[in-house]
>>> print(open('work.tsv').read())   # TSV, C-alpha atoms
chain	number	residue	atom	x	y	z
A	45	MET	CA	102.64	103.40	57.79
A	46	GLU	CA	100.76	103.81	61.08
A	47	GLN	CA	100.58	107.34	62.44
A	48	PHE	CA	102.39	106.49	65.68
A	49	VAL	CA	105.37	105.20	63.70
A	50	ALA	CA	105.51	108.35	61.59
A	51	LEU	CA	105.56	110.52	64.72
A	52	LEU	CA	108.24	108.48	66.49
A	53	GLU	CA	110.44	108.44	63.38
A	54	HIS	CA	110.01	112.23	63.15
A	55	GLU	CA	111.22	112.54	66.75
A	56	HIS	CA	114.26	110.47	65.77
A	57	LEU	CA	115.25	113.28	63.37
A	58	LEU	CA	115.65	115.60	66.36
A	59	GLY	CA	117.47	112.79	68.14
A	60	ASP	CA	119.96	112.63	65.24
A	61	ARG	CA	120.76	116.32	65.82
A	62	ILE	CA	121.25	115.67	69.53
A	63	PHE	CA	123.57	112.74	68.76
A	64	ALA	CA	125.63	114.95	66.43
A	65	CYS	CA	125.96	117.57	69.18
A	66	GLY	CA	127.02	114.88	71.65
A	67	ALA	CA	129.69	113.59	69.27
A	68	ALA	CA	130.97	117.14	68.74
A	69	ILE	CA	131.12	117.84	72.49
A	70	ALA	CA	133.01	114.58	73.09
A	71	ALA	CA	135.48	115.38	70.31
A	72	LYS	CA	136.16	118.85	71.73
A	73	LEU	CA	136.63	117.42	75.23
A	74	SER	CA	139.06	114.84	73.86
A	75	LYS	CA	141.20	117.59	72.32
A	76	LEU	CA	141.07	119.49	75.61
A	77	THR	CA	142.29	116.58	77.74
A	78	VAL	CA	144.40	114.42	75.39
A	79	GLY	CA	148.04	113.96	76.33
A	80	GLN	CA	147.53	115.61	79.70
A	81	ALA	CA	147.02	112.60	81.93
A	82	PRO	CA	148.91	113.26	85.16
A	83	PRO	CA	151.45	110.56	86.06
A	84	LEU	CA	150.75	108.41	89.08
A	85	ASP	CA	154.14	107.32	90.34
A	86	LYS	CA	154.80	105.42	93.58
A	87	GLY	CA	151.61	106.61	95.20
A	88	LYS	CA	152.60	110.26	94.97
A	89	TRP	CA	149.76	112.68	94.14
A	90	ILE	CA	150.36	114.94	91.15
A	91	SER	CA	147.69	117.51	90.38
A	92	PRO	CA	146.16	117.24	86.88
A	93	PRO	CA	146.29	120.22	84.49
A	94	LYS	CA	144.04	123.12	85.45
A	95	ILE	CA	141.35	123.61	82.80
A	96	ASP	CA	139.41	126.88	83.10
A	97	MET	CA	136.06	125.97	81.55
A	98	LEU	CA	134.39	129.25	82.48
A	99	ASN	CA	136.78	131.76	80.92
A	100	HIS	CA	138.57	129.90	78.13
A	101	HIS	CA	135.95	127.43	76.86
A	102	GLN	CA	132.65	129.20	77.39
A	103	GLU	CA	130.95	127.95	74.22
A	104	LEU	CA	131.82	124.32	75.00
A	105	ARG	CA	130.69	124.74	78.60
A	106	ARG	CA	127.37	126.23	77.48
A	107	ALA	CA	126.83	123.41	74.97
A	108	MET	CA	127.46	120.86	77.73
A	109	ALA	CA	124.94	122.65	79.97
A	110	PHE	CA	122.31	122.54	77.19
A	111	TYR	CA	123.01	118.84	76.68
A	112	VAL	CA	122.56	118.05	80.35
A	113	HIS	CA	119.29	120.02	80.42
A	114	LEU	CA	117.98	118.08	77.42
A	115	ILE	CA	118.76	114.67	78.89
A	116	ASP	CA	117.23	115.69	82.22
A	117	HIS	CA	114.03	117.34	80.94
A	118	PHE	CA	113.36	116.16	77.39
A	119	ALA	CA	114.82	112.90	76.09
A	120	ASP	CA	113.32	110.47	78.60
A	121	GLN	CA	110.05	112.28	79.25
A	122	VAL	CA	109.14	112.92	75.61
A	123	HIS	CA	110.50	109.96	73.66
A	124	LEU	CA	111.63	107.00	75.73
A	125	ARG	CA	108.57	106.85	77.97
A	126	ALA	CA	106.29	107.24	74.96
A	127	GLU	CA	107.96	104.29	73.25
A	128	GLU	CA	107.67	102.19	76.38
A	129	ALA	CA	103.94	103.00	76.61
A	130	MET	CA	103.60	101.99	72.96
A	131	ILE	CA	105.33	98.69	73.73
A	132	SER	CA	102.77	98.01	76.47
A	133	VAL	CA	99.92	98.58	74.01
A	134	ALA	CA	101.60	96.35	71.41
A	135	VAL	CA	101.92	93.57	74.00
A	136	ALA	CA	98.24	94.02	74.90
A	137	CYS	CA	97.49	93.62	71.18
A	138	GLY	CA	99.35	90.30	71.06
A	139	MET	CA	103.04	91.10	70.56
A	140	ASP	CA	105.50	88.89	72.43
A	141	PRO	CA	107.04	91.00	75.26
A	142	LYS	CA	110.46	89.65	74.26
A	143	ASP	CA	110.21	91.60	70.99
A	144	GLY	CA	110.38	94.85	72.95
A	145	GLU	CA	112.80	93.75	75.64
A	146	TRP	CA	115.93	94.98	73.85
A	147	VAL	CA	114.36	98.42	73.42
A	148	ILE	CA	113.68	98.78	77.14
A	149	ASN	CA	117.11	97.38	78.05
A	150	GLN	CA	118.84	99.95	75.85
A	151	HIS	CA	116.60	102.72	77.21
A	152	ASN	CA	117.76	101.81	80.70
A	153	GLN	CA	121.37	101.77	79.49
A	154	ALA	CA	120.85	105.31	78.16
A	155	ARG	CA	119.42	106.39	81.51
A	156	ALA	CA	122.52	104.98	83.21
A	157	TYR	CA	124.74	106.99	80.85
A	158	TRP	CA	122.67	110.10	81.58
A	159	ASN	CA	122.98	109.62	85.32
A	160	CYS	CA	126.77	109.38	84.92
A	161	LEU	CA	126.76	112.50	82.73
A	162	ASN	CA	124.88	114.39	85.43
A	163	VAL	CA	127.41	113.41	88.08
A	164	ALA	CA	130.33	114.33	85.80
A	165	TRP	CA	128.69	117.66	84.93
A	166	HIS	CA	128.33	118.59	88.60
A	167	ARG	CA	132.00	117.75	89.09
A	168	VAL	CA	132.90	120.01	86.15
A	169	ALA	CA	130.66	122.86	87.25
A	170	ASP	CA	131.11	122.73	91.02
A	171	GLY	CA	134.19	120.61	91.66
A	172	ASP	CA	137.75	121.62	92.43
A	173	ASP	CA	140.70	121.89	90.08
A	174	ASP	CA	142.16	118.56	91.15
A	175	ASP	CA	138.99	116.74	90.05
A	176	ARG	CA	137.80	118.77	87.05
A	177	TRP	CA	140.19	117.17	84.53
A	178	TYR	CA	139.00	113.69	85.52
A	179	ALA	CA	135.37	114.87	85.41
A	180	LEU	CA	135.82	116.11	81.84
A	181	VAL	CA	137.27	112.76	80.79
A	182	ASP	CA	134.34	110.95	82.45
A	183	PHE	CA	131.84	113.25	80.72
A	184	GLN	CA	133.51	112.58	77.37
A	185	LYS	CA	133.60	108.79	77.77
A	186	CYS	CA	129.98	108.54	78.96
A	187	LEU	CA	128.82	110.76	76.10
A	188	GLU	CA	130.72	108.68	73.55
A	189	GLY	CA	129.13	105.50	74.93
A	190	PHE	CA	125.62	106.95	74.80
A	191	VAL	CA	125.95	108.34	71.27
A	192	PHE	CA	127.51	105.13	69.93
A	193	LEU	CA	124.68	103.03	71.36
A	194	PHE	CA	121.77	105.25	70.46
A	195	GLU	CA	122.74	106.02	66.88
A	196	ALA	CA	122.39	102.27	66.29
A	197	HIS	CA	119.36	102.06	68.60
A	198	ALA	CA	117.35	104.56	66.54
A	199	ILE	CA	118.17	102.80	63.26
A	200	ARG	CA	117.18	99.39	64.61
A	201	GLU	CA	113.91	100.83	65.93
A	202	ASN	CA	113.08	102.46	62.58
A	203	PHE	CA	113.82	99.43	60.44
A	204	GLN	CA	113.04	96.53	62.75
A	205	PHE	CA	111.06	97.22	65.89
A	206	TYR	CA	108.49	99.71	64.58
A	207	GLU	CA	107.66	97.30	61.76
A	208	LYS	CA	107.11	94.58	64.35
A	209	ALA	CA	104.87	96.80	66.49
A	210	GLU	CA	102.85	97.86	63.43
A	211	GLN	CA	101.87	94.24	62.87
A	212	TYR	CA	99.87	94.36	66.12
A	213	ILE	CA	98.80	97.98	66.54
A	214	LYS	CA	96.11	98.76	63.97
A	215	ASP	CA	93.18	101.12	63.42
A	216	SER	CA	91.70	102.39	66.69
A	217	ASN	CA	94.77	101.34	68.66
A	218	ASP	CA	96.92	103.41	66.33
A	219	ALA	CA	94.91	106.44	67.42
A	220	LEU	CA	95.27	105.34	71.03
A	221	VAL	CA	99.06	105.09	70.81
A	222	LEU	CA	99.28	108.38	68.91
A	223	ASN	CA	97.29	110.05	71.70
A	224	ILE	CA	99.62	108.57	74.33
A	225	ILE	CA	102.72	109.77	72.46
A	226	GLN	CA	101.33	113.27	72.00
A	227	HIS	CA	100.68	113.51	75.74
A	228	SER	CA	104.07	112.22	76.83
A	229	GLY	CA	106.16	115.00	78.32
A	230	PRO	CA	105.42	118.69	77.62
A	231	SER	CA	102.65	119.52	75.15
A	232	ASP	CA	104.93	121.95	73.30
A	233	ILE	CA	108.48	120.81	72.56
A	234	SER	CA	109.47	123.88	70.53
A	235	PRO	CA	111.60	125.28	73.42
A	236	TYR	CA	113.68	122.10	73.31
A	237	VAL	CA	114.01	122.26	69.52
A	238	SER	CA	115.25	125.84	69.96
A	239	MET	CA	117.68	124.64	72.61
A	240	VAL	CA	119.12	122.06	70.21
A	241	GLY	CA	119.57	124.85	67.65
A	242	GLN	CA	121.45	126.99	70.16
A	243	MET	CA	123.65	124.03	71.06
A	244	GLU	CA	124.41	123.45	67.37
A	245	ALA	CA	125.38	127.12	66.97
A	246	LEU	CA	127.76	126.93	69.93
A	247	LEU	CA	129.41	123.84	68.43
A	248	GLY	CA	129.56	125.16	64.85
A	249	ILE	CA	127.06	122.59	63.52
A	250	PRO	CA	124.65	123.85	60.82
A	251	SER	CA	120.99	123.58	61.86
A	252	PRO	CA	118.53	122.18	59.31
A	253	PRO	CA	116.08	124.65	57.77
A	254	PRO	CA	112.68	124.92	59.53
A	255	SER	CA	110.25	122.31	58.27
>>> encode(input="work.tsv", output="structure tokens")
Amino acid sequence: MEQFVALLEHEHLLGDRIFACGAAIAAKLSKLTVGQAPPLDKGKWISPPKIDMLNHHQELRRAMAFYVHLIDHFADQVHLRAEEAMISVAVACGMDPKDGEWVINQHNQARAYWNCLNVAWHRVADGDDDDRWYALVDFQKCLEGFVFLFEAHAIRENFQFYEKAEQYIKDSNDALVLNIIQHSGPSDISPYVSMVGQMEALLGIPSPPPS
């Protein structure tokens, strides 16, 4: 196995923990909002149920805030951009660009989900009571879509795409790609690993032992 593949697959292990947190957040939001859809009858406005996220659901709110910080400052900068740089090197080494097209398309789909999550989060955090219920539903649905897609995305990368890229990236170019990956995003990701651990604790998910 080339070194760049080993590093990217290792990053996927942290991604698996982030996916699990996302699924747990979505499940908790579903329980919070289920069966409470306000009726819309003959154009008459009926306020949705008031959900006090600050006082009654602090742990969930904090987990959501950690999740938003991770998608804004870690996921794209550290992993997705590194993979896309690796794809460029693989193409330069002879790989057909079409072999990496699905990866980039799904990365852009993830970014679209993250943008929607950011908007929904601002509506939860700063919006009014008549919008907050809808914002929570939007946050839940976008999170479910992202997690569903990227759990499969990571598996397909591990067992299909990385093997394809390895066929073209060899020897000195392996070192080149490894260097690119190691310089994508912050040089030290331990604060983000700690943040994932705190999010797991808030959601009641056991963290793996330190490696």
>>> residues_around(input="work.tsv", residues="Glu207 in chain A", least_positions_apart="3", cutoff="12 Å", atoms="all atoms listed in the file", output="number ranges by chain")
A: 45-46, 48-50, 53, 134, 139, 143-144, 199-204, 210-214
>>> residues_around(input="work.tsv", residues="Trp177 in chain A", least_positions_apart="5", cutoff="12 Å", atoms="all atoms listed in the file", output="PyMOL selection string")
chain A and resi 73-74+76-82+91-97+164-165+167-169+171-172+182-184
>>> atom_distance(input="work.tsv", atom1="CA of Ala107 in chain A", atom2="CA of Met243 in chain A")
5.1 Å
>>> closest_residue(input="work.tsv", among="A:Ala126, A:Ile69, A:Val221, A:Cys137", to="Arg106 in chain A", atoms="all atoms listed in the file")
A:Ile69
>>> closest_atom_pairs(input="work.tsv", of="range 54-110 of chain A", to="range 192-198 of chain A", cutoff="12 Å", atoms="only C-alpha atoms", output="JSON lines")
{"residue": "A:His54", "atom": "CA", "partner": "A:Ala198", "partner_atom": "CA", "distance": 11.1}
{"residue": "A:Glu55", "atom": "CA", "partner": "A:Ala198", "partner_atom": "CA", "distance": 10.1}
{"residue": "A:His56", "atom": "CA", "partner": "A:Ala198", "partner_atom": "CA", "distance": 6.7}
{"residue": "A:Leu57", "atom": "CA", "partner": "A:Ala198", "partner_atom": "CA", "distance": 9.5}
{"residue": "A:Leu58", "atom": "CA", "partner": "A:Ala198", "partner_atom": "CA", "distance": 11.2}
{"residue": "A:Gly59", "atom": "CA", "partner": "A:Ala198", "partner_atom": "CA", "distance": 8.4}
{"residue": "A:Asp60", "atom": "CA", "partner": "A:Glu195", "partner_atom": "CA", "distance": 7.4}
{"residue": "A:Arg61", "atom": "CA", "partner": "A:Glu195", "partner_atom": "CA", "distance": 10.5}
{"residue": "A:Ile62", "atom": "CA", "partner": "A:Glu195", "partner_atom": "CA", "distance": 10.1}
{"residue": "A:Phe63", "atom": "CA", "partner": "A:Glu195", "partner_atom": "CA", "distance": 7.0}
{"residue": "A:Ala64", "atom": "CA", "partner": "A:Glu195", "partner_atom": "CA", "distance": 9.4}
{"residue": "A:Gly66", "atom": "CA", "partner": "A:Phe192", "partner_atom": "CA", "distance": 9.9}
{"residue": "A:Ala67", "atom": "CA", "partner": "A:Phe192", "partner_atom": "CA", "distance": 8.8}
{"residue": "A:Ala70", "atom": "CA", "partner": "A:Phe192", "partner_atom": "CA", "distance": 11.4}
>>> write_last_selection(input="work.tsv", atoms="C-alpha atoms", output="PDB file, in the coordinates of the input")
ATOM      1  CA  HIS A  54     110.010 112.230  63.150  1.00  0.00           C
ATOM      2  CA  GLU A  55     111.220 112.540  66.750  1.00  0.00           C
ATOM      3  CA  HIS A  56     114.260 110.470  65.770  1.00  0.00           C
ATOM      4  CA  LEU A  57     115.250 113.280  63.370  1.00  0.00           C
ATOM      5  CA  LEU A  58     115.650 115.600  66.360  1.00  0.00           C
ATOM      6  CA  GLY A  59     117.470 112.790  68.140  1.00  0.00           C
ATOM      7  CA  ASP A  60     119.960 112.630  65.240  1.00  0.00           C
ATOM      8  CA  ARG A  61     120.760 116.320  65.820  1.00  0.00           C
ATOM      9  CA  ILE A  62     121.250 115.670  69.530  1.00  0.00           C
ATOM     10  CA  PHE A  63     123.570 112.740  68.760  1.00  0.00           C
ATOM     11  CA  ALA A  64     125.630 114.950  66.430  1.00  0.00           C
ATOM     12  CA  GLY A  66     127.020 114.880  71.650  1.00  0.00           C
ATOM     13  CA  ALA A  67     129.690 113.590  69.270  1.00  0.00           C
ATOM     14  CA  ALA A  70     133.010 114.580  73.090  1.00  0.00           C
TER      15      ALA A  70
END
>>> closest_residue(input="work.tsv", among="A:Asp173, A:Cys186, A:Ala209, A:Glu103", to="Val147 in chain A", atoms="all atoms listed in the file")
A:Ala209
>>> atom_distance(input="work.tsv", atom1="CA of Tyr111 in chain A", atom2="CA of Asp174 in chain A")
24.0 Å
>>> closest_residue(input="work.tsv", among="A:Val240, A:Ala154, A:Val163, A:Leu52", to="Asp120 in chain A", atoms="only C-alpha atoms")
A:Ala154
>>> atom_distance(input="work.tsv", atom1="CA of His101 in chain A", atom2="CA of Ile233 in chain A")
28.6 Å
>>> axis_aligned_box(input="work.tsv", around="range 119-133 of chain A", padding_each_side="4 Å", output="AutoDock Vina command-line options")
--center_x 107.4 --center_y 105.5 --center_z 76.1 --size_x 22.9 --size_y 22.9 --size_z 14.3
>>> residues_around(input="work.tsv", residues="Pro250 in chain A", least_positions_apart="3", cutoff="10 Å", atoms="all atoms listed in the file", output="ChimeraX atom specification")
/A:61,241,244-245,247,253
>>> residues_around(input="work.tsv", residues="Gln121 in chain A", least_positions_apart="2", cutoff="12 Å", atoms="only C-alpha atoms", output="list in words")
Leu114, Ile115, Asp116, His117, Phe118, Ala119, His123, Leu124, Arg125, Ala126, Glu127, Glu128, Ala129, His151, Arg155, Ile225, Gln226, His227, Ser228, Gly229, Pro230, Ser231 and Ile233 of chain A
>>> closest_residue(input="work.tsv", among="A:Leu246, A:Leu220, A:Ala68, A:Val237", to="Met130 in chain A", atoms="all atoms listed in the file")
A:Leu220
>>> decode(input="work.tsv", residues="range 183-212 of chain A", atoms="N, CA and C atoms", output="short mmCIF file (atom, residue, chain, number, x, y, z; two decimals), in the first residue's frame")
data_model
loop_
_atom_site.label_atom_id
_atom_site.label_comp_id
_atom_site.auth_asym_id
_atom_site.auth_seq_id
_atom_site.Cartn_x
_atom_site.Cartn_y
_atom_site.Cartn_z
N PHE A 183 -32.00 21.26 9.57
CA PHE A 183 -30.70 20.80 10.03
C PHE A 183 -30.67 19.26 10.04
N GLN A 184 -31.72 18.67 10.59
CA GLN A 184 -31.80 17.20 10.65
C GLN A 184 -31.74 16.58 9.26
N LYS A 185 -32.57 17.08 8.34
CA LYS A 185 -32.65 16.47 7.01
C LYS A 185 -31.34 16.62 6.23
N CYS A 186 -30.71 17.79 6.33
CA CYS A 186 -29.43 18.00 5.63
C CYS A 186 -28.35 17.09 6.22
N LEU A 187 -28.35 16.94 7.54
CA LEU A 187 -27.36 16.09 8.19
C LEU A 187 -27.56 14.63 7.80
N GLU A 188 -28.82 14.19 7.76
CA GLU A 188 -29.10 12.81 7.34
C GLU A 188 -28.61 12.58 5.90
N GLY A 189 -28.85 13.55 5.01
CA GLY A 189 -28.41 13.40 3.63
C GLY A 189 -26.90 13.31 3.52
N PHE A 190 -26.19 14.18 4.26
CA PHE A 190 -24.73 14.16 4.21
C PHE A 190 -24.18 12.84 4.74
N VAL A 191 -24.65 12.41 5.90
CA VAL A 191 -24.12 11.18 6.51
C VAL A 191 -24.41 9.98 5.61
N PHE A 192 -25.61 9.89 5.07
CA PHE A 192 -25.97 8.77 4.20
C PHE A 192 -25.03 8.70 3.00
N LEU A 193 -24.76 9.85 2.38
CA LEU A 193 -23.90 9.88 1.20
C LEU A 193 -22.46 9.53 1.56
N PHE A 194 -21.95 10.15 2.63
CA PHE A 194 -20.51 10.05 2.86
C PHE A 194 -20.07 8.78 3.57
N GLU A 195 -20.98 8.09 4.24
CA GLU A 195 -20.63 6.75 4.73
C GLU A 195 -20.31 5.86 3.53
N ALA A 196 -21.12 5.92 2.49
CA ALA A 196 -20.87 5.15 1.28
C ALA A 196 -19.66 5.70 0.51
N HIS A 197 -19.52 7.02 0.49
CA HIS A 197 -18.41 7.67 -0.21
C HIS A 197 -17.07 7.16 0.31
N ALA A 198 -16.91 7.13 1.62
CA ALA A 198 -15.63 6.71 2.20
C ALA A 198 -15.33 5.25 1.87
N ILE A 199 -16.34 4.39 1.89
CA ILE A 199 -16.12 2.98 1.58
C ILE A 199 -15.71 2.81 0.12
N ARG A 200 -16.39 3.52 -0.78
CA ARG A 200 -16.05 3.40 -2.19
C ARG A 200 -14.64 3.92 -2.46
N GLU A 201 -14.25 5.00 -1.77
CA GLU A 201 -12.88 5.50 -1.93
C GLU A 201 -11.87 4.44 -1.47
N ASN A 202 -12.10 3.87 -0.28
CA ASN A 202 -11.15 2.90 0.27
C ASN A 202 -10.97 1.69 -0.64
N PHE A 203 -12.06 1.17 -1.16
CA PHE A 203 -12.01 -0.11 -1.85
C PHE A 203 -12.03 0.00 -3.38
N GLN A 204 -12.21 1.21 -3.89
CA GLN A 204 -12.23 1.34 -5.34
C GLN A 204 -11.28 2.44 -5.82
N PHE A 205 -11.52 3.66 -5.36
CA PHE A 205 -10.78 4.77 -5.96
C PHE A 205 -9.32 4.80 -5.56
N TYR A 206 -9.00 4.56 -4.28
CA TYR A 206 -7.60 4.60 -3.87
C TYR A 206 -6.79 3.54 -4.61
N GLU A 207 -7.40 2.36 -4.83
CA GLU A 207 -6.71 1.33 -5.60
C GLU A 207 -6.43 1.80 -7.03
N LYS A 208 -7.38 2.52 -7.60
CA LYS A 208 -7.17 3.06 -8.95
C LYS A 208 -6.03 4.08 -8.95
N ALA A 209 -6.05 5.00 -7.98
CA ALA A 209 -5.01 6.03 -7.93
C ALA A 209 -3.63 5.43 -7.70
N GLU A 210 -3.57 4.36 -6.89
CA GLU A 210 -2.28 3.70 -6.61
C GLU A 210 -1.64 3.15 -7.88
N GLN A 211 -2.44 2.79 -8.85
CA GLN A 211 -1.89 2.25 -10.09
C GLN A 211 -1.03 3.27 -10.82
N TYR A 212 -1.27 4.55 -10.54
CA TYR A 212 -0.56 5.62 -11.26
C TYR A 212 0.44 6.36 -10.38
#
